[in-house]
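Next up, query-v1.tsv (TSV, C-alpha atoms):
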```tsv
chain	number	residue	atom	x	y	z
A	1	MET	CA	0.00	0.00	0.00
A	2	ARG	CA	1.41	3.40	-0.93
A	3	PHE	CA	1.53	6.08	1.77
A	4	CYS	CA	3.06	9.51	1.38
A	5	GLY	CA	5.01	11.38	4.03
A	6	SER	CA	7.80	10.63	6.49
A	7	PRO	CA	8.96	7.10	7.29
A	8	LEU	CA	7.57	7.54	10.81
A	9	LEU	CA	4.14	8.42	9.49
A	10	THR	CA	4.28	5.46	7.14
A	11	ILE	CA	4.98	3.15	10.08
A	12	ILE	CA	2.13	4.70	12.10
A	13	LEU	CA	-0.28	4.30	9.21
A	14	LEU	CA	0.66	0.68	8.65
A	15	ILE	CA	-0.28	0.01	12.25
A	16	VAL	CA	-3.43	2.08	12.68
A	17	VAL	CA	-5.22	2.31	9.36
A	18	THR	CA	-8.01	-0.19	9.86
A	19	THR	CA	-11.41	-1.18	8.52
A	20	ALA	CA	-12.61	-3.19	11.49
A	21	GLY	CA	-14.01	-2.38	14.88
A	22	ARG	CA	-11.94	-2.90	17.97
A	23	LEU	CA	-10.85	-6.53	17.76
A	24	ASP	CA	-9.16	-8.48	20.50
A	25	ALA	CA	-5.50	-9.42	20.29
A	26	GLN	CA	-6.23	-12.93	19.03
A	27	ALA	CA	-3.71	-13.82	16.34
A	28	MET	CA	-4.80	-15.06	12.95
A	29	GLU	CA	-4.31	-18.79	12.58
A	30	ILE	CA	-3.01	-20.43	9.39
A	31	GLY	CA	-3.67	-24.07	8.63
A	32	TYR	CA	-4.80	-26.29	5.81
A	33	GLU	CA	-7.29	-29.01	4.89
A	34	CYS	CA	-7.30	-31.59	2.12
A	35	PRO	CA	-10.90	-32.76	1.51
A	36	ARG	CA	-10.14	-33.32	-2.18
A	37	ARG	CA	-7.11	-33.94	-4.35
A	38	ALA	CA	-6.01	-30.32	-3.97
A	39	CYS	CA	-5.40	-28.92	-0.50
A	40	SER	CA	-6.65	-25.54	0.73
A	41	ILE	CA	-5.01	-23.06	3.08
A	42	VAL	CA	-7.30	-21.75	5.84
A	43	LEU	CA	-6.78	-18.26	7.29
A	44	SER	CA	-8.89	-17.76	10.40
A	45	GLY	CA	-9.18	-14.87	12.86
A	46	PRO	CA	-8.45	-11.13	12.98
A	47	ILE	CA	-5.90	-9.67	10.56
A	48	THR	CA	-3.12	-7.99	12.51
A	49	ALA	CA	0.11	-6.21	11.56
A	50	GLU	CA	1.95	-9.54	11.88
A	51	SER	CA	-0.44	-11.47	9.61
A	52	PRO	CA	1.27	-10.70	6.25
A	53	SER	CA	4.64	-12.04	7.46
A	54	LYS	CA	2.98	-15.20	8.80
A	55	VAL	CA	1.22	-15.71	5.47
A	56	SER	CA	4.44	-15.05	3.55
A	57	ILE	CA	6.35	-17.68	5.55
A	58	PHE	CA	3.55	-20.20	5.06
A	59	LEU	CA	3.36	-19.57	1.30
A	60	GLU	CA	7.09	-20.18	0.92
A	61	ASP	CA	6.60	-23.81	1.95
A	62	ILE	CA	3.38	-24.69	0.10
A	63	SER	CA	3.26	-27.13	-2.78
A	64	ASP	CA	-0.12	-28.77	-3.41
A	65	PHE	CA	-2.37	-25.83	-2.54
A	66	ASP	CA	-4.64	-24.04	-4.98
A	67	THR	CA	-7.10	-22.20	-2.71
A	68	ILE	CA	-7.13	-20.00	0.39
A	69	ILE	CA	-10.26	-20.15	2.55
A	70	LEU	CA	-10.75	-16.91	4.49
A	71	GLU	CA	-12.56	-16.72	7.83
A	72	SER	CA	-12.08	-13.35	9.48
A	73	PRO	CA	-13.98	-10.35	10.87
A	74	GLY	CA	-11.29	-8.03	9.51
A	75	GLY	CA	-8.48	-6.04	11.03
A	76	ILE	CA	-5.76	-3.79	9.64
A	77	LEU	CA	-6.60	-2.64	6.13
A	78	SER	CA	-3.03	-2.36	4.84
A	79	ALA	CA	-2.29	-5.88	6.11
A	80	GLY	CA	-5.38	-7.23	4.35
A	81	ILE	CA	-4.35	-5.65	1.08
A	82	GLU	CA	-0.78	-6.92	1.47
A	83	ILE	CA	-2.13	-10.45	1.97
A	84	GLY	CA	-4.32	-9.99	-1.11
A	85	ARG	CA	-1.29	-9.11	-3.20
A	86	MET	CA	0.57	-12.18	-1.89
A	87	ILE	CA	-2.38	-14.35	-2.83
A	88	ARG	CA	-2.42	-12.93	-6.36
A	89	ALA	CA	1.34	-13.35	-6.76
A	90	SER	CA	1.00	-16.99	-5.69
A	91	GLY	CA	-1.76	-17.63	-8.24
A	92	LEU	CA	-4.17	-18.89	-5.58
A	93	LYS	CA	-7.96	-18.90	-5.57
A	94	THR	CA	-9.88	-17.42	-2.64
A	95	GLN	CA	-12.99	-18.82	-1.01
A	96	VAL	CA	-15.45	-17.87	1.73
A	97	GLY	CA	-17.67	-20.64	3.09
A	98	GLY	CA	-18.13	-24.00	1.44
A	99	ARG	CA	-15.88	-25.98	3.77
A	100	ALA	CA	-16.30	-29.73	3.69
A	101	PRO	CA	-18.75	-31.35	6.13
A	102	GLY	CA	-16.98	-32.88	9.10
A	103	ILE	CA	-14.26	-30.18	9.17
A	104	ALA	CA	-14.00	-28.28	12.46
A	105	LYS	CA	-14.97	-24.66	11.90
A	106	SER	CA	-13.83	-21.47	13.60
A	107	GLU	CA	-16.08	-18.83	15.16
A	108	TYR	CA	-15.63	-16.82	11.95
A	109	SER	CA	-16.65	-19.57	9.54
A	110	ASP	CA	-18.69	-18.30	6.57
A	111	LEU	CA	-17.59	-14.71	7.26
A	112	CYS	CA	-15.00	-12.49	5.59
A	113	SER	CA	-15.48	-8.81	6.23
A	114	SER	CA	-13.63	-5.55	6.44
A	115	ALA	CA	-9.88	-6.01	5.81
A	116	CYS	CA	-10.50	-9.69	5.07
A	117	ALA	CA	-12.76	-8.75	2.14
A	118	TYR	CA	-9.84	-6.86	0.55
A	119	ALA	CA	-7.53	-9.85	1.07
A	120	PHE	CA	-10.19	-12.01	-0.61
A	121	LEU	CA	-10.00	-9.86	-3.75
A	122	GLY	CA	-6.46	-11.11	-4.39
A	123	GLY	CA	-7.72	-14.49	-5.60
A	124	VAL	CA	-7.23	-15.37	-9.27
A	125	GLU	CA	-10.67	-16.95	-8.92
A	126	ARG	CA	-13.03	-15.94	-6.11
A	127	SER	CA	-15.97	-17.84	-4.65
A	128	VAL	CA	-18.51	-17.15	-1.89
A	129	TYR	CA	-20.52	-20.26	-1.08
A	130	GLY	CA	-24.05	-20.68	0.25
A	131	ASP	CA	-24.97	-18.21	2.97
A	132	ALA	CA	-21.38	-17.06	3.59
A	133	LYS	CA	-20.98	-13.30	3.92
A	134	LEU	CA	-18.51	-10.86	2.36
A	135	GLY	CA	-18.69	-7.47	4.09
A	136	PHE	CA	-17.36	-3.96	3.38
A	137	HIS	CA	-17.50	-0.64	5.21
A	138	SER	CA	-15.62	2.65	5.56
A	139	PHE	CA	-12.02	2.59	6.72
A	140	TYR	CA	-11.01	4.81	9.61
A	141	MET	CA	-7.93	6.03	11.45
A	142	SER	CA	-7.47	4.78	15.00
A	143	ASP	CA	-7.64	7.01	18.04
A	144	VAL	CA	-3.83	6.86	18.36
A	145	TYR	CA	-3.43	8.26	14.85
A	146	ASN	CA	-6.05	10.95	15.38
A	147	ARG	CA	-4.34	12.18	18.56
A	148	PHE	CA	-0.95	12.68	16.91
A	149	VAL	CA	-1.76	13.95	13.42
A	150	LEU	CA	-3.04	17.42	12.56
A	151	ALA	CA	-6.44	17.63	10.90
A	152	GLY	CA	-5.08	18.99	7.62
A	153	ARG	CA	-2.53	16.21	7.31
A	154	ALA	CA	-5.13	13.62	8.29
A	155	ILE	CA	-7.32	14.65	5.35
A	156	ALA	CA	-4.40	14.32	2.93
A	157	ASP	CA	-3.48	10.92	4.37
A	158	ALA	CA	-7.08	9.73	4.10
A	159	GLN	CA	-7.11	10.77	0.44
A	160	ASN	CA	-3.91	8.79	-0.16
A	161	VAL	CA	-5.40	5.73	1.52
A	162	ALA	CA	-8.59	6.04	-0.56
A	163	SER	CA	-6.61	6.30	-3.81
A	164	ASP	CA	-4.54	3.25	-2.86
A	165	ILE	CA	-7.70	1.24	-2.24
A	166	VAL	CA	-9.12	2.21	-5.64
A	167	PHE	CA	-5.85	1.36	-7.42
A	168	TYR	CA	-5.79	-1.99	-5.61
A	169	LEU	CA	-9.35	-2.75	-6.73
A	170	ILE	CA	-8.50	-1.91	-10.32
A	171	SER	CA	-5.36	-4.06	-10.23
A	172	MET	CA	-7.53	-6.97	-9.07
A	173	SER	CA	-10.05	-6.32	-11.88
A	174	VAL	CA	-12.77	-5.38	-9.39
A	175	ASP	CA	-15.30	-2.62	-10.07
A	176	ALA	CA	-14.34	0.47	-8.03
A	177	ARG	CA	-18.02	0.97	-7.15
A	178	VAL	CA	-17.27	-1.46	-4.33
A	179	PHE	CA	-15.30	1.28	-2.59
A	180	ALA	CA	-18.01	3.86	-3.29
A	181	ASN	CA	-20.63	1.61	-1.71
A	182	ALA	CA	-18.38	0.81	1.25
A	183	SER	CA	-17.80	4.51	1.86
A	184	THR	CA	-21.51	5.04	2.47
A	185	VAL	CA	-21.41	2.65	5.43
A	186	ALA	CA	-20.11	3.85	8.79
A	187	ALA	CA	-16.96	2.22	10.12
A	188	ALA	CA	-18.96	0.63	12.93
A	189	ASP	CA	-21.45	-0.91	10.47
A	190	MET	CA	-21.14	-3.36	7.59
A	191	ILE	CA	-22.71	-3.88	4.19
A	192	TYR	CA	-22.92	-7.47	2.97
A	193	LEU	CA	-23.15	-7.67	-0.80
A	194	SER	CA	-25.67	-9.94	-2.51
A	195	LYS	CA	-24.52	-12.58	-4.99
A	196	ASP	CA	-25.91	-10.43	-7.82
A	197	GLN	CA	-23.90	-7.43	-6.62
A	198	MET	CA	-20.74	-9.51	-6.26
A	199	LEU	CA	-21.15	-10.74	-9.83
A	200	GLU	CA	-21.92	-7.24	-11.13
A	201	TYR	CA	-18.80	-5.81	-9.48
A	202	ASN	CA	-16.67	-8.78	-10.61
A	203	ILE	CA	-15.94	-9.66	-7.00
A	204	ILE	CA	-16.73	-13.34	-7.45
A	205	THR	CA	-15.92	-15.49	-10.44
A	206	PRO	CA	-19.02	-16.84	-12.17
A	207	ALA	CA	-19.48	-20.50	-11.26
A	208	LEU	CA	-18.97	-22.93	-14.12
A	209	PHE	CA	-22.37	-24.41	-13.40
A	210	SER	CA	-25.58	-23.26	-11.77
A	211	SER	CA	-26.87	-24.98	-8.70
A	212	PHE	CA	-29.17	-27.91	-9.36
A	213	ALA	CA	-32.69	-26.58	-10.02
A	214	LEU	CA	-35.88	-28.55	-10.45
A	215	GLU	CA	-37.66	-28.75	-13.80
A	216	PRO	CA	-41.00	-30.53	-14.38
A	217	ALA	CA	-40.75	-33.65	-16.53
A	218	GLY	CA	-43.47	-36.25	-17.17
A	219	ASN	CA	-45.08	-37.12	-13.86
A	220	GLY	CA	-42.10	-36.00	-11.83
A	221	VAL	CA	-39.16	-33.62	-11.86
A	222	VAL	CA	-35.59	-33.44	-13.15
A	223	ALA	CA	-32.76	-31.67	-11.28
A	224	GLU	CA	-30.65	-29.79	-13.80
A	225	SER	CA	-27.42	-27.83	-13.58
A	226	ARG	CA	-26.46	-25.69	-16.60
A	227	ARG	CA	-23.09	-24.36	-17.67
A	228	GLN	CA	-22.81	-20.60	-17.08
A	229	VAL	CA	-19.54	-19.82	-18.89
A	230	PRO	CA	-18.22	-20.80	-22.33
A	231	VAL	CA	-16.72	-24.26	-22.77
A	232	ARG	CA	-12.96	-24.56	-22.98
A	233	ALA	CA	-10.46	-27.21	-23.99
A	234	TYR	CA	-10.76	-30.39	-21.94
A	235	ASP	CA	-13.76	-28.93	-20.12
A	236	GLU	CA	-16.76	-29.23	-22.41
A	237	LEU	CA	-19.59	-30.29	-20.14
A	238	LEU	CA	-22.80	-28.42	-21.04
A	239	LYS	CA	-25.27	-29.56	-18.39
A	240	VAL	CA	-25.96	-32.27	-15.87
A	241	LYS	CA	-29.36	-33.84	-15.20
A	242	ALA	CA	-30.39	-36.09	-12.34
A	243	TYR	CA	-33.65	-38.02	-12.50
A	244	CYS	CA	-35.49	-41.23	-11.77
A	245	GLN	CA	-37.10	-43.28	-14.55
A	246	ASP	CA	-39.05	-46.49	-14.05
A	247	GLY	CA	-37.77	-46.61	-10.51
A	248	THR	CA	-34.11	-46.37	-11.53
A	249	PRO	CA	-32.01	-43.28	-10.65
A	250	TYR	CA	-29.77	-41.76	-13.34
A	251	ILE	CA	-27.39	-38.88	-13.80
A	252	LEU	CA	-26.85	-37.59	-17.35
A	253	PHE	CA	-23.85	-35.55	-18.51
A	254	ASP	CA	-24.37	-33.63	-21.77
A	255	SER	CA	-21.07	-32.67	-23.42
A	256	ASN	CA	-19.91	-30.65	-26.38
A	257	VAL	CA	-17.71	-33.54	-27.54
A	258	ALA	CA	-18.77	-35.26	-30.78
A	259	THR	CA	-17.64	-38.76	-29.83
A	260	LEU	CA	-16.81	-40.41	-26.55
A	261	PRO	CA	-15.19	-43.78	-25.92
A	262	VAL	CA	-17.35	-46.51	-24.49
A	263	THR	CA	-14.41	-47.63	-22.35
A	264	ASP	CA	-11.96	-45.71	-20.19
A	265	LEU	CA	-14.77	-43.74	-18.58
A	266	SER	CA	-14.78	-43.05	-14.87
A	267	ILE	CA	-17.33	-41.39	-12.65
A	268	TYR	CA	-16.47	-40.71	-9.05
A	269	LEU	CA	-18.37	-39.19	-6.18
A	270	ASN	CA	-17.23	-37.88	-2.84
A	271	ARG	CA	-19.22	-37.16	0.29
A	272	ASN	CA	-16.67	-35.33	2.42
A	273	SER	CA	-13.04	-35.34	3.42
A	274	GLU	CA	-13.45	-38.44	5.55
A	275	GLU	CA	-14.84	-40.59	2.74
A	276	PRO	CA	-12.93	-42.11	-0.20
A	277	ASP	CA	-13.94	-41.54	-3.80
A	278	VAL	CA	-16.69	-43.85	-4.99
A	279	TYR	CA	-16.25	-45.12	-8.52
A	280	VAL	CA	-19.14	-46.19	-10.73
A	281	ASP	CA	-18.70	-49.47	-12.60
A	282	GLU	CA	-18.37	-49.10	-16.38
A	283	ALA	CA	-21.26	-51.54	-16.85
A	284	GLN	CA	-23.53	-48.83	-15.46
A	285	ILE	CA	-22.35	-46.20	-17.97
A	286	ASP	CA	-23.82	-45.66	-21.44
A	287	VAL	CA	-22.60	-43.26	-24.12
A	288	ILE	CA	-25.23	-41.58	-26.31
A	289	SER	CA	-24.13	-39.62	-29.40
A	290	ASP	CA	-25.89	-37.91	-32.31
A	291	GLY	CA	-22.63	-37.32	-34.21
A	292	GLU	CA	-22.29	-33.73	-33.01
A	293	ARG	CA	-22.60	-34.02	-29.24
A	294	SER	CA	-22.35	-36.85	-26.77
A	295	SER	CA	-23.91	-37.65	-23.43
A	296	ILE	CA	-22.88	-39.97	-20.64
A	297	ARG	CA	-25.79	-41.66	-18.89
A	298	VAL	CA	-24.95	-43.22	-15.55
A	299	ARG	CA	-27.22	-45.76	-13.91
A	300	LEU	CA	-26.95	-45.28	-10.16
A	301	THR	CA	-27.44	-47.60	-7.23
A	302	GLN	CA	-29.26	-46.50	-4.08
A	303	ASP	CA	-25.87	-46.26	-2.39
A	304	HIS	CA	-24.79	-43.84	-5.10
A	305	VAL	CA	-27.95	-41.79	-4.56
A	306	ARG	CA	-27.30	-41.53	-0.81
A	307	ILE	CA	-23.74	-40.43	-1.48
A	308	LEU	CA	-24.81	-37.83	-4.06
A	309	GLU	CA	-27.38	-36.41	-1.65
A	310	ASN	CA	-24.50	-35.72	0.76
A	311	SER	CA	-21.76	-34.84	-1.74
A	312	ASN	CA	-19.84	-31.62	-2.16
A	313	PHE	CA	-18.98	-32.43	-5.76
A	314	VAL	CA	-19.25	-34.94	-8.56
A	315	GLU	CA	-16.57	-35.41	-11.16
A	316	THR	CA	-16.12	-37.35	-14.36
A	317	SER	CA	-13.02	-38.11	-16.37
A	318	PHE	CA	-12.29	-40.13	-19.47
A	319	ASP	CA	-9.60	-40.56	-22.05
A	320	ILE	CA	-10.10	-39.42	-25.64
A	321	PRO	CA	-7.48	-39.56	-28.39
A	322	PRO	CA	-6.04	-36.10	-29.13
A	323	ILE	CA	-7.51	-36.17	-32.64
A	324	ASP	CA	-10.98	-36.37	-31.08
A	325	GLY	CA	-10.46	-33.62	-28.52
A	326	GLY	CA	-8.14	-35.05	-25.91
A	327	PRO	CA	-8.80	-36.15	-22.30
A	328	GLN	CA	-11.84	-34.62	-20.60
A	329	ALA	CA	-12.47	-33.91	-16.95
A	330	PHE	CA	-15.68	-32.40	-15.61
A	331	SER	CA	-16.20	-31.20	-12.04
A	332	LEU	CA	-19.39	-29.89	-10.51
A	333	ALA	CA	-19.76	-28.51	-6.98
A	334	ILE	CA	-23.02	-29.26	-5.17
A	335	ASP	CA	-24.39	-26.85	-2.55
A	336	GLU	CA	-27.07	-27.48	0.06
A	337	SER	CA	-30.04	-26.46	-2.07
A	338	GLY	CA	-28.63	-28.52	-4.93
A	339	ARG	CA	-28.49	-31.59	-2.72
A	340	GLU	CA	-32.12	-31.05	-1.70
A	341	ASN	CA	-33.18	-30.79	-5.35
A	342	LEU	CA	-31.20	-33.91	-6.24
A	343	SER	CA	-33.05	-35.78	-3.52
A	344	ALA	CA	-36.41	-34.61	-4.90
A	345	ALA	CA	-35.47	-35.62	-8.46
A	346	PHE	CA	-34.45	-39.12	-7.38
A	347	ARG	CA	-37.65	-39.46	-5.34
A	348	LEU	CA	-40.22	-38.08	-7.84
A	349	CYS	CA	-39.78	-40.29	-10.91
A	350	ILE	CA	-40.62	-38.97	-14.36
```

Encoding of this model in structure tokens:
Amino acid sequence: MRFCGSPLLTIILLIVVTTAGRLDAQAMEIGYECPRRACSIVLSGPITAESPSKVSIFLEDISDFDTIILESPGGILSAGIEIGRMIRASGLKTQVGGRAPGIAKSEYSDLCSSACAYAFLGGVERSVYGDAKLGFHSFYMSDVYNRFVLAGRAIADAQNVASDIVFYLISMSVDARVFANASTVAAADMIYLSKDQMLEYNIITPALFSSFALEPAGNGVVAESRRQVPVRAYDELLKVKAYCQDGTPYILFDSNVATLPVTDLSIYLNRNSEEPDVYVDEAQIDVISDGERSSIRVRLTQDHVRILENSNFVETSFDIPPIDGGPQAFSLAIDESGRENLSAAFRLCI
């Protein structure tokens, strides 16, 4: 963060410029969890002046991490922004909420506000899951700062801080209206942005797929998840449908691939970090193709249904010769409402 003035003033500002209320001295904790093949770093607790150095040391030793999960009520603004820049330099994704079932949660789970929200913006991809909250408000100078700095200088320093925040937002490809909205909220209050606002301001990355929603079909319903962003190489899943037909549960993957092999297909499900992947036997998998697009229809057992109704994600992978498009891997996260809709689709047969 850029601050003008003497070195002493710079040091004072780094300590007292904050966006959070008076937090206790609890130090931010750094850990990790590995509920899937890729591990996630977990930052939990207030952001203090020491937090960036702790994060820096931790990042020096990471290897198989692709995401940072943030759980914090906020803290020192400059420290939050410094952490955000470290996250971006490390090429990591950021996430609020969505931790795997069975994982012990902190008192700040599903919350990232104030200085934490600015750290969150450093992610190369950013996700806020379920009812998790991302909060912003006005920054302020602490009482210590206000006692030692003249009013005229304080105004100039506040302008410098504001400009640094805006430049930071722009460098993270976030709409600067975020700062304008935050500035309308008193430092003691908080504004929690809706999912629509977060998408509009480019705060969160659009999910590859929508949550499973119910659609009427025959005498029952189908749970369908649609792709929300353009397909890309090796990731050409268009939509996923879950349904029950003649008493048998199915899940159908519609792809943009013209041909798919009948063999070398794998479907695997996962309930949570404590459960192993569950593979579906190839005898239960059919490939349907019209010459332009292909679908994978998977016949499920009741055990598969129970697992899906408690899963955080479902993935598919299969080998395809390079001339036909190369290997494909599809991954779809499932949130709480999606799991409820899946259960309804498997129960109300078409």

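Between Gln328 in chain A and the candidates A:Val257, A:Leu308, A:Ile81, A:Val298, the tightest atom-to-atom separation, counting all atoms listed in the file, involves A:Val257.
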
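Nearest-residue note for Asp246 in chain A: choosing from A:Ser211, A:Met172, A:Gly220, A:Leu199, the minimum distance belongs to A:Gly220, counting all atoms listed in the file.
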
inquiry  = Calculated over only C-alpha atoms, which of the candidates A:Asp66, A:Glu71, A:Glu282, A:Asp277 has the smallest distance to Leu43 in chain A?
reply    = A:Glu71

request  = List the residues sitting within 7 Å of (-16.0, -36.6, -25.4) in the file's frame, using all atoms listed in the file, as a list of chain:residue names.
outcome  =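 Here the neighbourhood of the point contains A:Ser255, A:Val257, A:Ala258, A:Thr259, A:Leu260, A:Ser294, A:Ile320, A:Gln328.
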
Closest of A:Ile69, A:Val178, A:Val185, A:Ile285 to Ile41 in chain A - atom-to-atom distances counting only C-alpha atoms =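 Counting only C-alpha atoms, the residue closest to Ile41 in chain A is A:Ile69.
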
request  = Please measure the separation of CA of Val240 in chain A and CA of Tyr129 in chain A, giving the value in Å to one decimal.
outcome  =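 These two atoms are separated by 19.8 Å.
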
request  = Write out as a VMD selection string each polymer residue whose atoms come within 8 Å of Arg297 in chain A, counting all atoms listed in the file; drop sequence neighbours fewer than 4 positions from it.
outcome  = chain A and resid 250 to 253 285 to 288

task = Return the single residue from A:Phe179, A:Phe209, A:Phe318, A:Tyr168 that is closest to Leu121 in chain A, with distances computed using all atoms listed in the file.
result = A:Tyr168

ask   = Any idea what's packed within 10 Å of range 84-97 of chain A, counting all atoms listed in the file, ignoring anything in its chain fewer than 5 positions away? Could you give it as a ChimeraX atom specification?
value = /A:1,40-42,52,55-56,59-60,62,65-72,78-79,108-112,115-134,168,171-172,204-205

Residues of the last selection are to be written out with C-alpha atoms, as a compact mmCIF listing (two decimals), in the coordinates of the input.
```
# COMPACT_ATOMS: atom_id res chain seq x y z
CA MET A 1 0.00 0.00 0.00
CA SER A 40 -6.65 -25.54 0.73
CA ILE A 41 -5.01 -23.06 3.08
CA VAL A 42 -7.30 -21.75 5.84
CA PRO A 52 1.27 -10.70 6.25
CA VAL A 55 1.22 -15.71 5.47
CA SER A 56 4.44 -15.05 3.55
CA LEU A 59 3.36 -19.57 1.30
CA GLU A 60 7.09 -20.18 0.92
CA ILE A 62 3.38 -24.69 0.10
CA PHE A 65 -2.37 -25.83 -2.54
CA ASP A 66 -4.64 -24.04 -4.98
CA THR A 67 -7.10 -22.20 -2.71
CA ILE A 68 -7.13 -20.00 0.39
CA ILE A 69 -10.26 -20.15 2.55
CA LEU A 70 -10.75 -16.91 4.49
CA GLU A 71 -12.56 -16.72 7.83
CA SER A 72 -12.08 -13.35 9.48
CA SER A 78 -3.03 -2.36 4.84
CA ALA A 79 -2.29 -5.88 6.11
CA TYR A 108 -15.63 -16.82 11.95
CA SER A 109 -16.65 -19.57 9.54
CA ASP A 110 -18.69 -18.30 6.57
CA LEU A 111 -17.59 -14.71 7.26
CA CYS A 112 -15.00 -12.49 5.59
CA ALA A 115 -9.88 -6.01 5.81
CA CYS A 116 -10.50 -9.69 5.07
CA ALA A 117 -12.76 -8.75 2.14
CA TYR A 118 -9.84 -6.86 0.55
CA ALA A 119 -7.53 -9.85 1.07
CA PHE A 120 -10.19 -12.01 -0.61
CA LEU A 121 -10.00 -9.86 -3.75
CA GLY A 122 -6.46 -11.11 -4.39
CA GLY A 123 -7.72 -14.49 -5.60
CA VAL A 124 -7.23 -15.37 -9.27
CA GLU A 125 -10.67 -16.95 -8.92
CA ARG A 126 -13.03 -15.94 -6.11
CA SER A 127 -15.97 -17.84 -4.65
CA VAL A 128 -18.51 -17.15 -1.89
CA TYR A 129 -20.52 -20.26 -1.08
CA GLY A 130 -24.05 -20.68 0.25
CA ASP A 131 -24.97 -18.21 2.97
CA ALA A 132 -21.38 -17.06 3.59
CA LYS A 133 -20.98 -13.30 3.92
CA LEU A 134 -18.51 -10.86 2.36
CA TYR A 168 -5.79 -1.99 -5.61
CA SER A 171 -5.36 -4.06 -10.23
CA MET A 172 -7.53 -6.97 -9.07
CA ILE A 204 -16.73 -13.34 -7.45
CA THR A 205 -15.92 -15.49 -10.44
```
